[in-house]
Each structure stands twice: as structure tokens, then as C-alpha cells.
Amino acid sequence: MAKRVAVILSGCGLYDGTEIHEASAILVHLSRAGAKVQMFAPNGDQMHVVNHCDGNPTEEKRNILQESARIARGDVTDLAKIDESQFDAVIIPGGYGVAKNLSDWVVKNKDFIIHPHVEKLIKAFHKAGKPLGMCCIAPILAAKVIAGCELTMGHDKVSETWPHAGMTSAVKDLGSKHVNKDVEEAHVDVKNKMVSTCAFMCNAPIHRVFNGIGVMVNETLKLA
């Protein structure tokens with residue numbers, strides 16, 4: 001029987017929403033595996049809107065659900081309406097929307113608050129023993145909700161290859177364990193049924209990011 005997977009989006013675009021290449025890779029790998037996918041996103045305003053040409057915020061206002069519909073080709077549902085019992089797993093791609101729209105991590109760091117619907121979702125899947133797959137910055141959500149979990153956001157020492165490695169300190173501050181993994185690897189926390197991969201936390205060719213996301217997706221489905 002096909003696995004039923006909920007994919008949680010946070011807008012459309014690296015700097016203020018879901019990282020589009022990560023979402024696309026997740027959807028391709030789920031499709032290859034024969035999974036049945038439904039996409040969800042919160043229905044509310046983005047923290048802000050960023051001009052992706054220059055990386056600067058604008059005065060524009062955009063809705064998270066409406067922007068996520070760009071990735072979902074219109075087929076996206078308000079996260080408030082999700083029935084967790086109808087799914088075997090949940091996967092959350094990265095992008096700064098995780099830290100701006102699914103939470104306020106970008107503003108408060110370790111003292112951040114997760115969007116209530118997202119927190120409820122993670123807790124429900126964890127309590128039910130259903131797997132969570134996360135990539136890029138998304139695992140920080142699990143570090144906040146699932147005490148003592150293990151995850152990867154790549155490597156923990158800043159370098160040209162790992163320019164965002166400093167973010168891993170927040171994982172330790174939250175009482176969880178960070179495990180160094182390469183871009184084409186994923187870490188499986190068997191106890192908590194959580195699978196993570198670094199994706200674009202690594203400065204790597206896009207095909208290697210795609211491969212790592214494939215490992216994350218496949219390991220998540222194995223646990224479902």
C-alpha cells in the first residue's frame with residue numbers, strides 16, 4: 001500500500017519561504033517511491049517578503065498558504081485542517097520560511113516559538129510513532145519539540161563548504177544532539193523516528209543536495 005505523506009511548506013523562495021529546489025527534490029523522490037502526497041501550509045502572513053535579486057526585505061505583504069500554492073501547483077491545504085491520523089509520515093523542507101514563518105527562530109534563536117499548528121503536528125506524529133523527515137534548517141523545529149533527539153544540519157565547523165555551520169550551536173543549546181553528516185547522507189534517529197539531511201546548509205553542487213534529500217526521503221519511508 002502506498003505511504004501517505006504530508007509535506008509542510010512555508011511559502012515560496014529561499015529567503016522568505018520554502019527552498020524551492022528542496023521541495024521539488026522531496027516531491028520527485030516521493031513520487032518515485034510511489035508515495036501519496038498532500039501538501040499543507042499555514043494560512044497567515046509571512047514574517048516579511050524578500051526581494052530575491054538583492055536579498056533585501058520589501059514593504060510587500062504575502063500569505064504563506066498562497067505562496068506555497070506556487071510550489072504545490074495550487075494543490076495545498078491550510079495546515080489547520082490536517083488530520084494527522086490520515087498520514088504515515090511528514091516531511092518538512094528547509095528555506096528561511098522555517099525560521100520566519102513556521103517559527104520565529106531567525107529573531108529569537110534558541111528562545112524561539114514554533115507556529116502552534118506546526119508544533120501540534122510534530123508532537124502528534126512523534127507521539128504516534130510516525131516518522132518525521134526534515135532537511136536544511138527544518139530539523140531545528142524537532143530539536144525544540146522532541147527533547148534529546150538526534151539530527152544533522154551538516155557539519156558543525158564553519159568553512160567554505162559549510163558556511164552555515166554556526167547554526168548547529170542552537171541544536172546543542174536546545175539539549176539535542178547534532179551529528180555531522182555529509183551532504184549526500186542523512187542521519188536516522190531510530191528512537192525518535194526522525195530523519196534529517198543538511199541539503200543547502202552545504203555549499204555543494206545541486207545534484208549532491210538532491211541525492212542527500214533522496215536518502216532522507218527513502219529512510220523516512222522505511223520507518224513509516
# chains A, B, ... in the order shown; residues from 1 in each chain; ligands from 1

$ closest_atom_pairs --of "stretch 162-209 of chain A" --to "stretch 127-136 of chain A" --cutoff "7 Å" --atoms "only C-alpha atoms" --output "CSV"
residue,atom,partner,partner_atom,distance
A:Lys193,CA,A:Pro131,CA,4.7
A:Met194,CA,A:Leu132,CA,4.8
A:Val195,CA,A:Gly133,CA,4.7
A:Ser196,CA,A:Met134,CA,4.8
A:Thr197,CA,A:Cys135,CA,4.8
A:Cys198,CA,A:Cys136,CA,4.5
A:Ala199,CA,A:Cys136,CA,5.0
A:Phe200,CA,A:Cys136,CA,5.9
A:Met201,CA,A:Cys136,CA,5.6

$ write_last_selection --atoms "all heavy atoms" --output "CSV table (one decimal), in the first residue's frame"
chain,number,residue,atom,x,y,z
A,193,LYS,N,12.3,8.2,15.6
A,193,LYS,CA,11.8,8.1,14.2
A,193,LYS,C,11.9,9.4,13.4
A,193,LYS,O,11.0,9.9,12.8
A,193,LYS,CB,10.4,7.6,14.2
A,193,LYS,CG,10.3,6.1,14.5
A,193,LYS,CD,9.0,5.5,14.1
A,193,LYS,CE,9.0,4.0,14.2
A,193,LYS,NZ,7.7,3.4,13.8
A,194,MET,N,13.1,10.0,13.5
A,194,MET,CA,13.4,11.3,12.8
A,194,MET,C,14.5,11.2,11.9
A,194,MET,O,15.6,10.6,12.3
A,194,MET,CB,13.6,12.4,13.8
A,194,MET,CG,13.5,13.8,13.3
A,194,MET,SD,13.9,15.0,14.4
A,194,MET,CE,15.6,15.3,13.9
A,195,VAL,N,14.4,11.6,10.6
A,195,VAL,CA,15.4,11.5,9.6
A,195,VAL,C,15.7,12.9,9.1
A,195,VAL,O,14.8,13.7,8.8
A,195,VAL,CB,15.0,10.6,8.5
A,195,VAL,CG1,16.2,10.4,7.5
A,195,VAL,CG2,14.5,9.3,8.9
A,196,SER,N,17.0,13.3,9.1
A,196,SER,CA,17.4,14.6,8.7
A,196,SER,C,18.6,14.6,7.7
A,196,SER,O,19.4,13.7,7.7
A,196,SER,CB,17.7,15.5,9.9
A,196,SER,OG,18.7,14.8,10.7
A,197,THR,N,18.7,15.6,6.9
A,197,THR,CA,19.8,15.8,6.0
A,197,THR,C,20.1,17.3,5.8
A,197,THR,O,19.1,18.1,6.0
A,197,THR,CB,19.5,15.1,4.6
A,197,THR,OG1,20.7,15.1,3.8
A,197,THR,CG2,18.5,15.9,3.8
A,198,CYS,N,21.3,17.7,5.5
A,198,CYS,CA,21.7,19.1,5.5
A,198,CYS,C,21.2,19.9,4.3
A,198,CYS,O,21.0,21.1,4.4
A,198,CYS,CB,23.2,19.2,5.7
A,198,CYS,SG,24.1,18.7,4.2
A,199,ALA,N,21.0,19.3,3.1
A,199,ALA,CA,20.6,20.0,1.9
A,199,ALA,C,21.5,21.2,1.7
A,199,ALA,O,22.7,21.1,1.7
A,199,ALA,CB,19.2,20.3,2.0
A,200,PHE,N,20.9,22.4,1.5
A,200,PHE,CA,21.7,23.6,1.2
A,200,PHE,C,22.4,24.3,2.3
A,200,PHE,O,22.9,25.4,2.2
A,200,PHE,CB,20.8,24.6,0.4
A,200,PHE,CG,20.5,24.2,-1.0
A,200,PHE,CD1,19.3,23.7,-1.4
A,200,PHE,CD2,21.5,24.3,-2.0
A,200,PHE,CE1,19.0,23.3,-2.7
A,200,PHE,CE2,21.3,23.9,-3.3
A,200,PHE,CZ,20.0,23.4,-3.6
A,201,MET,N,22.4,23.6,3.5
A,201,MET,CA,23.3,24.1,4.5
A,201,MET,C,24.8,23.9,4.1
A,201,MET,O,25.7,24.5,4.6
A,201,MET,CB,23.1,23.3,5.8
A,201,MET,CG,21.7,23.5,6.4
A,201,MET,SD,21.5,25.2,7.1
A,201,MET,CE,22.3,25.0,8.7

$ residues_around --residues "stretch 109-123 of chain A" --least-positions-apart "4" --cutoff "10 Å" --atoms "only C-alpha atoms" --output "ChimeraX atom specification"
/A:8,41-42,78-84,90,98-105,127-132,140-146,167,169-174

$ write_last_selection --atoms "C-alpha atoms" --output "short mmCIF file (atom, residue, chain, number, x, y, z; two decimals), in the first residue's frame"
data_model
loop_
_atom_site.label_atom_id
_atom_site.label_comp_id
_atom_site.auth_asym_id
_atom_site.auth_seq_id
_atom_site.Cartn_x
_atom_site.Cartn_y
_atom_site.Cartn_z
CA ILE A 8 4.71 21.05 5.06
CA ALA A 41 0.98 25.31 4.81
CA PRO A 42 -0.12 27.77 7.50
CA ASP A 78 -4.48 25.03 5.24
CA LEU A 79 -2.33 23.31 7.88
CA ALA A 80 -5.06 23.95 10.46
CA LYS A 81 -7.19 21.33 8.65
CA ILE A 82 -4.71 18.45 8.68
CA ASP A 83 -5.82 15.14 10.17
CA GLU A 84 -2.61 13.54 11.38
CA VAL A 90 5.52 14.05 7.50
CA VAL A 98 11.08 27.55 8.51
CA ALA A 99 12.80 30.14 10.68
CA LYS A 100 10.46 33.01 9.79
CA ASN A 101 7.01 31.58 9.10
CA LEU A 102 6.93 28.15 10.77
CA SER A 103 8.73 29.66 13.75
CA ASP A 104 10.47 32.87 14.82
CA TRP A 105 13.90 31.24 15.19
CA LYS A 127 3.54 10.57 19.97
CA ALA A 128 2.02 8.24 17.37
CA GLY A 129 5.44 6.81 16.48
CA LYS A 130 5.21 8.10 12.91
CA PRO A 131 8.41 9.30 11.22
CA LEU A 132 9.40 12.88 10.55
CA ILE A 140 15.74 22.85 14.42
CA LEU A 141 11.97 22.52 14.88
CA ALA A 142 12.38 18.95 16.12
CA ALA A 143 15.24 19.99 18.41
CA LYS A 144 12.80 22.35 20.13
CA VAL A 145 9.89 19.89 20.42
CA ILE A 146 11.50 16.46 20.84
CA MET A 167 23.61 27.40 13.29
CA SER A 169 25.09 25.54 18.13
CA ALA A 170 21.36 26.17 18.61
CA VAL A 171 20.77 22.41 18.47
CA LYS A 172 23.08 21.87 21.41
CA ASP A 173 21.58 24.83 23.27
CA LEU A 174 18.18 23.15 22.99
#

$ residues_around --residues "A:Gly212" --least-positions-apart "5" --cutoff "6 Å" --atoms "only C-alpha atoms" --output "count of residues only"
3

$ closest_residue --among "A:Ala147, A:Ala138, A:Cys202, A:Ile91" --to "A:Leu30" --atoms "only C-alpha atoms"
A:Ile91

$ closest_residue --among "A:Val7, A:Ile26, A:Cys12, A:Leu221" --to "A:Arg62" --atoms "only C-alpha atoms"
A:Cys12

$ closest_residue --among "A:Val106, A:Thr18, A:Pro163, A:Gly11" --to "A:Ser68" --atoms "only C-alpha atoms"
A:Gly11
